[in-house]
file run10.csv (CSV, C-alpha atoms)
chain,number,residue,atom,x,y,z
A,11,MET,CA,14.9,-13.3,-21.4
A,12,ASN,CA,11.3,-14.1,-22.0
A,13,LEU,CA,8.5,-16.4,-20.7
A,14,ARG,CA,9.5,-19.1,-23.1
A,15,HIS,CA,12.9,-19.3,-21.5
A,16,LEU,CA,11.3,-19.7,-18.1
A,17,GLN,CA,8.8,-22.3,-19.3
A,18,PHE,CA,11.6,-24.4,-20.9
A,19,PHE,CA,13.7,-24.2,-17.8
A,20,VAL,CA,10.9,-25.1,-15.4
A,21,VAL,CA,9.9,-28.2,-17.4
A,22,LEU,CA,13.5,-29.3,-17.6
A,23,ALA,CA,14.0,-28.8,-13.9
A,24,GLU,CA,10.8,-30.8,-13.2
A,25,GLU,CA,11.9,-33.7,-15.5
A,26,LEU,CA,15.7,-33.5,-15.0
A,27,ASN,CA,16.0,-35.1,-18.4
A,28,PHE,CA,16.3,-33.3,-21.8
A,29,THR,CA,14.5,-36.0,-23.7
A,30,ARG,CA,11.4,-36.1,-21.5
A,31,ALA,CA,11.3,-32.3,-21.2
A,32,ALA,CA,11.6,-31.8,-25.0
A,33,ARG,CA,8.7,-34.3,-25.4
A,34,ARG,CA,6.5,-32.3,-22.9
A,35,LEU,CA,7.3,-29.1,-24.6
A,36,HIS,CA,6.8,-30.5,-28.1
A,37,VAL,CA,10.2,-29.2,-29.3
A,38,ALA,CA,13.4,-30.9,-30.6
A,39,GLN,CA,15.9,-31.8,-27.9
A,40,PRO,CA,18.7,-29.6,-29.5
A,41,ALA,CA,16.4,-26.6,-29.6
A,42,LEU,CA,15.7,-27.1,-25.8
A,43,SER,CA,19.3,-27.4,-25.1
A,44,GLN,CA,20.0,-24.2,-27.0
A,45,GLN,CA,17.4,-22.3,-25.1
A,46,ILE,CA,18.8,-23.4,-21.8
A,47,ARG,CA,22.3,-22.5,-22.8
A,48,ALA,CA,21.1,-19.0,-23.9
A,49,LEU,CA,19.3,-18.6,-20.5
A,50,GLU,CA,22.5,-19.5,-18.6
A,51,GLU,CA,24.5,-17.1,-20.7
A,52,ARG,CA,22.0,-14.4,-20.0
A,53,LEU,CA,22.1,-15.0,-16.3
A,54,GLY,CA,25.8,-15.6,-16.1
A,55,ALA,CA,25.3,-18.7,-14.1
A,56,ALA,CA,25.1,-22.5,-14.7
A,57,LEU,CA,21.6,-23.8,-13.9
A,58,ILE,CA,22.1,-27.5,-14.8
A,59,ASP,CA,25.0,-29.7,-13.7
A,60,ARG,CA,25.4,-31.7,-16.9
A,61,SER,CA,28.2,-33.8,-15.6
A,62,SER,CA,26.1,-35.6,-13.0
A,63,ARG,CA,24.1,-38.7,-13.6
A,64,PRO,CA,21.3,-38.4,-13.2
A,65,MET,CA,21.1,-34.7,-14.1
A,66,ARG,CA,20.7,-32.3,-11.2
A,67,LEU,CA,20.3,-28.6,-10.7
A,68,THR,CA,23.1,-26.4,-9.5
A,69,GLU,CA,22.5,-24.3,-6.4
A,70,ALA,CA,21.8,-21.3,-8.6
A,71,GLY,CA,19.4,-23.5,-10.7
A,72,THR,CA,17.6,-24.6,-7.6
A,73,TYR,CA,17.0,-21.0,-6.6
A,74,PHE,CA,16.0,-19.9,-10.1
A,75,PHE,CA,13.6,-22.9,-10.4
A,76,ALA,CA,11.6,-21.7,-7.4
A,77,GLU,CA,11.6,-18.1,-8.6
A,78,ALA,CA,10.7,-19.0,-12.2
A,79,ARG,CA,7.7,-21.1,-11.1
A,80,GLN,CA,6.4,-18.3,-9.0
A,81,ILE,CA,6.8,-15.8,-11.9
A,82,LEU,CA,5.0,-18.2,-14.2
A,83,SER,CA,2.2,-18.7,-11.7
A,84,GLN,CA,1.8,-15.0,-11.2
A,85,TYR,CA,1.7,-14.5,-15.0
A,86,GLU,CA,-1.1,-17.1,-15.4
A,87,GLN,CA,-3.1,-15.5,-12.6
A,88,ALA,CA,-2.6,-12.0,-14.1
A,89,SER,CA,-3.4,-13.1,-17.7
A,90,GLY,CA,-6.5,-14.9,-16.5
A,91,ALA,CA,-7.7,-11.9,-14.6
A,92,ALA,CA,-6.9,-9.6,-17.5
A,93,ARG,CA,-8.9,-11.9,-19.9
A,94,ASP,CA,-11.9,-11.9,-17.6
A,95,ILE,CA,-11.8,-8.1,-17.2
A,96,GLY,CA,-11.5,-7.7,-20.9
A,97,GLN,CA,-14.5,-9.9,-21.5
A,98,GLY,CA,-16.5,-8.2,-18.8
A,99,VAL,CA,-16.6,-11.2,-16.6
A,100,ARG,CA,-14.9,-9.5,-13.7
A,101,GLY,CA,-13.4,-6.1,-12.7
A,102,TRP,CA,-10.9,-4.7,-10.3
A,103,LEU,CA,-10.5,-1.6,-8.2
A,104,GLY,CA,-7.3,-0.3,-6.8
A,105,ILE,CA,-7.6,1.8,-3.6
A,106,GLY,CA,-4.8,3.6,-1.9
A,107,PHE,CA,-5.6,4.7,1.6
A,108,THR,CA,-4.0,6.4,4.6
A,109,ARG,CA,-4.5,4.3,7.8
A,110,SER,CA,-6.6,6.9,9.5
A,111,ALA,CA,-9.3,6.4,6.8
A,112,MET,CA,-9.9,3.0,8.4
A,113,TYR,CA,-11.3,4.8,11.5
A,114,SER,CA,-14.1,6.4,9.6
A,115,VAL,CA,-15.5,6.3,6.1
A,116,LEU,CA,-13.6,3.5,4.4
A,117,PRO,CA,-14.7,0.3,6.2
A,118,PRO,CA,-18.5,0.9,5.7
A,119,ALA,CA,-17.9,1.9,2.1
A,120,LEU,CA,-15.9,-1.3,1.4
A,121,LYS,CA,-18.6,-3.4,3.1
A,122,ARG,CA,-21.4,-1.9,1.0
A,123,PHE,CA,-19.4,-2.0,-2.2
A,124,SER,CA,-18.3,-5.6,-1.8
A,125,ALA,CA,-21.8,-6.8,-1.0
A,126,ALA,CA,-23.1,-5.1,-4.1
A,127,HIS,CA,-20.2,-6.0,-6.4
A,128,PRO,CA,-18.9,-9.5,-5.4
A,129,GLY,CA,-17.2,-9.9,-8.9
A,130,ILE,CA,-15.0,-6.9,-8.4
A,131,GLU,CA,-11.5,-7.7,-7.2
A,132,LEU,CA,-10.4,-5.2,-4.6
A,133,LYS,CA,-6.7,-4.3,-4.4
A,134,LEU,CA,-6.1,-2.3,-1.2
A,135,TYR,CA,-2.8,-0.5,-0.6
A,136,GLU,CA,-2.0,1.2,2.6
A,137,MET,CA,0.2,4.2,1.8
A,138,LEU,CA,0.9,7.7,2.8
A,139,THR,CA,-1.3,10.4,1.3
A,140,GLU,CA,1.7,11.8,-0.5
A,141,GLU,CA,2.2,8.5,-2.3
A,142,HIS,CA,-1.2,8.6,-3.9
A,143,ALA,CA,-0.3,11.1,-6.7
A,144,PRO,CA,2.4,8.8,-8.3
A,145,ALA,CA,0.2,5.8,-7.8
A,146,LEU,CA,-2.7,7.5,-9.6
A,147,ARG,CA,-0.4,8.7,-12.4
A,148,GLU,CA,1.0,5.2,-12.9
A,149,GLN,CA,-2.5,3.8,-12.7
A,150,ARG,CA,-1.6,1.4,-9.9
A,151,ILE,CA,-4.7,2.7,-8.0
A,152,HIS,CA,-8.1,4.1,-9.2
A,153,VAL,CA,-8.6,6.3,-6.1
A,154,GLY,CA,-6.6,7.6,-3.2
A,155,ILE,CA,-8.2,8.2,0.2
A,156,GLY,CA,-5.9,10.6,2.1
A,157,ARG,CA,-5.7,13.3,4.7
A,158,GLN,CA,-4.7,16.9,3.9
A,159,ALA,CA,-4.3,15.9,0.3
A,160,GLN,CA,-2.8,18.3,-2.2
A,161,PRO,CA,-4.2,18.9,-5.7
A,162,VAL,CA,-3.0,16.4,-8.3
A,163,ASP,CA,-2.8,17.3,-12.0
A,164,GLY,CA,-5.4,15.6,-14.0
A,165,CYS,CA,-7.3,14.4,-11.0
A,166,THR,CA,-10.5,15.4,-9.1
A,167,THR,CA,-10.5,15.6,-5.3
A,168,ARG,CA,-13.6,15.4,-3.2
A,169,VAL,CA,-14.0,15.9,0.5
A,170,LEU,CA,-15.2,12.9,2.4
A,171,LEU,CA,-15.0,14.1,6.0
A,172,GLN,CA,-13.9,17.1,8.0
A,173,GLU,CA,-13.3,16.6,11.7
A,174,LYS,CA,-11.9,18.5,14.6
A,175,LEU,CA,-8.5,17.7,16.0
A,176,MET,CA,-8.0,16.4,19.5
A,177,ALA,CA,-4.9,16.2,21.6
A,178,ALA,CA,-3.6,12.7,22.6
A,179,VAL,CA,-1.7,12.6,25.9
A,180,PRO,CA,-0.5,9.8,28.1
A,181,ALA,CA,-3.0,8.6,30.7
A,182,ASP,CA,-0.8,9.8,33.5
A,183,HIS,CA,-0.1,13.2,32.0
A,184,ALA,CA,-0.7,16.3,34.1
A,185,LEU,CA,-3.4,17.5,31.7
A,186,ALA,CA,-5.1,14.1,31.3
A,187,SER,CA,-7.9,15.0,33.8
A,188,ALA,CA,-8.9,18.2,31.9
A,189,ARG,CA,-11.9,18.0,29.7
A,190,ARG,CA,-10.4,20.3,27.1
A,191,LEU,CA,-7.2,22.3,26.7
A,192,ARG,CA,-5.8,25.1,24.6
A,193,ILE,CA,-3.1,24.1,22.3
A,194,GLN,CA,-0.7,26.6,24.0
A,195,ASP,CA,-1.0,24.4,27.1
A,196,LEU,CA,1.2,22.0,25.2
A,197,ALA,CA,3.9,24.5,24.5
A,198,ASP,CA,6.4,22.8,26.9
A,199,ALA,CA,5.4,19.3,25.9
A,200,PRO,CA,7.4,17.0,23.7
A,201,PHE,CA,5.6,16.2,20.5
A,202,VAL,CA,5.3,13.0,18.4
A,203,PHE,CA,4.8,13.9,14.7
A,204,TYR,CA,3.5,11.6,11.9
A,205,PRO,CA,3.8,10.6,9.2
A,206,LYS,CA,7.6,10.8,8.8
A,207,TYR,CA,7.8,11.9,5.2
A,208,PRO,CA,9.5,14.9,3.6
A,209,ASN,CA,6.4,16.4,2.1
A,210,ALA,CA,3.8,15.2,4.6
A,211,GLN,CA,1.0,17.8,5.0
A,212,PHE,CA,-0.4,16.8,8.4
A,213,PRO,CA,2.7,17.7,10.4
A,214,ARG,CA,2.6,21.1,8.7
A,215,LEU,CA,-1.0,21.6,9.8
A,216,VAL,CA,0.1,20.9,13.4
A,217,GLU,CA,3.1,23.1,13.1
A,218,GLY,CA,0.9,25.9,11.8
A,219,LEU,CA,-1.5,25.6,14.8
A,220,CYS,CA,1.3,25.7,17.3
A,221,ARG,CA,2.9,28.7,15.5
A,222,ASP,CA,-0.5,30.5,15.6
A,223,ALA,CA,-0.6,29.8,19.3
A,224,GLY,CA,2.8,31.4,19.8
A,225,PHE,CA,5.2,28.5,20.1
A,226,THR,CA,7.2,26.1,18.0
A,227,PRO,CA,6.5,22.4,18.9
A,228,LYS,CA,9.4,20.5,20.4
A,229,VAL,CA,9.4,17.4,18.2
A,230,VAL,CA,11.2,14.5,19.9
A,231,HIS,CA,9.9,11.6,17.8
A,232,GLN,CA,8.6,11.1,14.3
A,233,ALA,CA,6.6,8.0,13.3
A,234,TYR,CA,5.7,6.6,9.9
A,235,GLU,CA,2.2,5.5,11.0
A,236,ILE,CA,-0.4,6.9,13.3
A,237,GLN,CA,-0.6,3.8,15.4
A,238,THR,CA,3.1,4.0,16.1
A,239,ALA,CA,2.7,7.7,17.1
A,240,ILE,CA,-0.2,6.8,19.5
A,241,ALA,CA,1.9,4.0,21.0
A,242,LEU,CA,4.7,6.4,21.7
A,243,VAL,CA,2.2,8.7,23.4
A,244,ALA,CA,1.0,5.8,25.5
A,245,ALA,CA,4.6,5.1,26.5
A,246,GLY,CA,4.9,8.6,27.8
A,247,LEU,CA,7.3,9.8,25.2
A,248,GLY,CA,5.2,12.8,24.0
A,249,VAL,CA,1.9,14.1,22.9
A,250,THR,CA,0.3,14.3,19.4
A,251,LEU,CA,-2.8,15.5,17.6
A,252,VAL,CA,-5.3,13.3,15.9
A,253,GLY,CA,-8.7,13.5,14.3
A,254,GLU,CA,-11.9,12.8,16.2
A,255,SER,CA,-12.5,9.5,14.4
A,256,VAL,CA,-9.2,8.2,15.6
A,257,ALA,CA,-9.9,9.3,19.1
A,258,ARG,CA,-13.2,7.4,19.1
A,259,HIS,CA,-11.2,4.2,18.5
A,260,GLY,CA,-8.5,5.1,20.9
A,261,ARG,CA,-6.6,2.9,23.4
A,262,ALA,CA,-7.2,2.9,27.1
A,263,ASP,CA,-3.8,4.1,28.0
A,264,VAL,CA,-4.1,7.3,26.0
A,265,VAL,CA,-6.5,10.2,26.9
A,266,TYR,CA,-8.0,12.3,24.1
A,267,LEU,CA,-8.8,15.9,24.9
A,268,SER,CA,-10.8,18.5,22.9
A,269,LEU,CA,-9.1,21.7,21.9
A,270,ALA,CA,-10.5,25.0,23.1
A,271,GLY,CA,-9.8,28.5,21.9
A,272,SER,CA,-9.0,29.3,18.3
A,273,SER,CA,-7.5,25.9,17.8
A,274,ALA,CA,-11.0,24.4,18.4
A,275,SER,CA,-11.9,25.4,14.9
A,276,ALA,CA,-9.0,23.6,13.3
A,277,LEU,CA,-10.1,20.8,11.0
A,278,THR,CA,-8.4,17.8,9.4
A,279,THR,CA,-9.8,16.8,6.1
A,280,LEU,CA,-10.2,13.3,4.5
A,281,THR,CA,-10.5,13.3,0.8
A,282,ALA,CA,-10.9,11.0,-2.2
A,283,THR,CA,-8.7,11.7,-5.3
A,284,TYR,CA,-9.2,10.0,-8.6
A,285,ARG,CA,-8.3,10.5,-12.2
A,286,THR,CA,-10.7,13.0,-13.9
A,287,GLY,CA,-12.7,11.2,-16.6
A,288,ASP,CA,-11.5,7.7,-15.5
A,289,PRO,CA,-13.9,5.3,-17.4
A,290,SER,CA,-13.7,2.5,-14.9
A,291,PRO,CA,-17.2,1.2,-14.0
A,292,ALA,CA,-15.8,-0.1,-10.7
A,293,LEU,CA,-14.5,3.3,-9.8
A,294,ARG,CA,-17.9,4.9,-10.7
A,295,ASP,CA,-19.8,2.5,-8.5
A,296,PHE,CA,-17.4,2.8,-5.6
A,297,LEU,CA,-17.6,6.6,-5.7
A,298,ALA,CA,-21.4,6.3,-5.6
A,299,VAL,CA,-21.0,4.5,-2.3
A,300,LEU,CA,-18.2,6.5,-0.9
A,301,LEU,CA,-19.1,10.1,-1.6
A,302,PRO,CA,-21.5,11.9,0.7
call {"tool": "encode", "arguments": {"input": "run10.csv", "output": "structure tokens"}}
result
Amino acid sequence: MNLRHLQFFVVLAEELNFTRAARRLHVAQPALSQQIRALEERLGAALIDRSSRPMRLTEAGTYFFAEARQILSQYEQASGAARDIGQGVRGWLGIGFTRSAMYSVLPPALKRFSAAHPGIELKLYEMLTEEHAPALREQRIHVGIGRQAQPVDGCTTRVLLQEKLMAAVPADHALASARRLRIQDLADAPFVFYPKYPNAQFPRLVEGLCRDAGFTPKVVHQAYEIQTAIALVAAGLGVTLVGESVARHGRADVVYLSLAGSSASALTTLTATYRTGDPSPALRDFLAVLLP
């Protein structure tokens, strides 16, 4: 199957007449009929009810008509964008980011970059930090902004922000009135961990801090996103740890407490990872805005 098959079918579906469709396509009617037959054989479904007068689409044809038009429209948009990029008329920048980046460095960087480069199309993908590596290798993104990022072959990683961890507890928690607490004070508390992903590094950081304090956290819930974890804390289902930037944008029904003792020096790190030697001018200009 190719675009020509889709184009032929879409025109026929719009005209519902082989003669008019062939005229629009500037092909002979037998050639059009042959192409449609070949498409139906490839799909294993009849798209045109040839026995009806006037001609009509089958149920499968009606579905395929809508999908084919969307595919052709996306192709036209993509080919136009590629042409403009190739001619230097426009550019694009793919950014993968963990949600917590939106609490600190990313929004002001996006604002400055967009103002200075209105011709650059931004493609923003919210994803787990652990998903950045394959996205970079497959060139779906130019840069990944993540937390506790691990080294990626062929890529450079730069630190954007290091911040202290804080404990997030429900507003009615027994420790909520304290100014600060030691992490061992949470030894008996149920924990909410995030993100729920096999190789996620942030839960390992929290586990390590608890282990150093002499206990294993009792994990009762795991969330895919930080906002879900905080919402579970607000519901009284557990406690969690977050970075200071997240705490500054916290919700009223959650209390954020500084950590005392050895855990007070625990840091969570936000980084930018990008392909080493990537020639993209858009990436170069974005890094100039993003990096400290």
call {"tool": "atom_distance", "arguments": {"input": "run10.csv", "atom1": "CA of Gly271 in chain A", "atom2": "CA of Ala241 in chain A"}}
result
27.2 Å
call {"tool": "closest_residue", "arguments": {"input": "run10.csv", "among": "A:Ser255, A:Ser290, A:Thr166, A:Thr283", "to": "Val153 in chain A", "atoms": "all atoms listed in the file"}}
result
A:Thr283
call {"tool": "residues_around", "arguments": {"input": "run10.csv", "residues": "Asp195 in chain A", "least_positions_apart": "5", "cutoff": "12 Å", "atoms": "only C-alpha atoms", "output": "ChimeraX atom specification"}}
result
/A:177,179,184-186,188,190,200,220,223-225,227,249,267,269-271,273
call {"tool": "closest_residue", "arguments": {"input": "run10.csv", "among": "A:Val202, A:Glu254, A:Pro208, A:Glu141", "to": "His231 in chain A", "atoms": "only C-alpha atoms"}}
result
A:Val202
call {"tool": "atom_distance", "arguments": {"input": "run10.csv", "atom1": "CA of Asp288 in chain A", "atom2": "CA of Pro205 in chain A"}}
result
29.2 Å
call {"tool": "closest_residue", "arguments": {"input": "run10.csv", "among": "A:Met176, A:Val169, A:Val252, A:Ala70", "to": "Tyr204 in chain A", "atoms": "all atoms listed in the file"}}
result
A:Val252
call {"tool": "residues_around", "arguments": {"input": "run10.csv", "residues": "Leu132 in chain A", "least_positions_apart": "2", "cutoff": "8 Å", "atoms": "only C-alpha atoms", "output": "ChimeraX atom specification"}}
result
/A:102-105,130,134
call {"tool": "atom_distance", "arguments": {"input": "run10.csv", "atom1": "CA of Gly287 in chain A", "atom2": "CA of Leu146 in chain A"}}
result
12.8 Å
call {"tool": "closest_residue", "arguments": {"input": "run10.csv", "among": "A:Tyr266, A:Phe107, A:Tyr73, A:Phe201", "to": "Ala239 in chain A", "atoms": "only C-alpha atoms"}}
result
A:Phe201
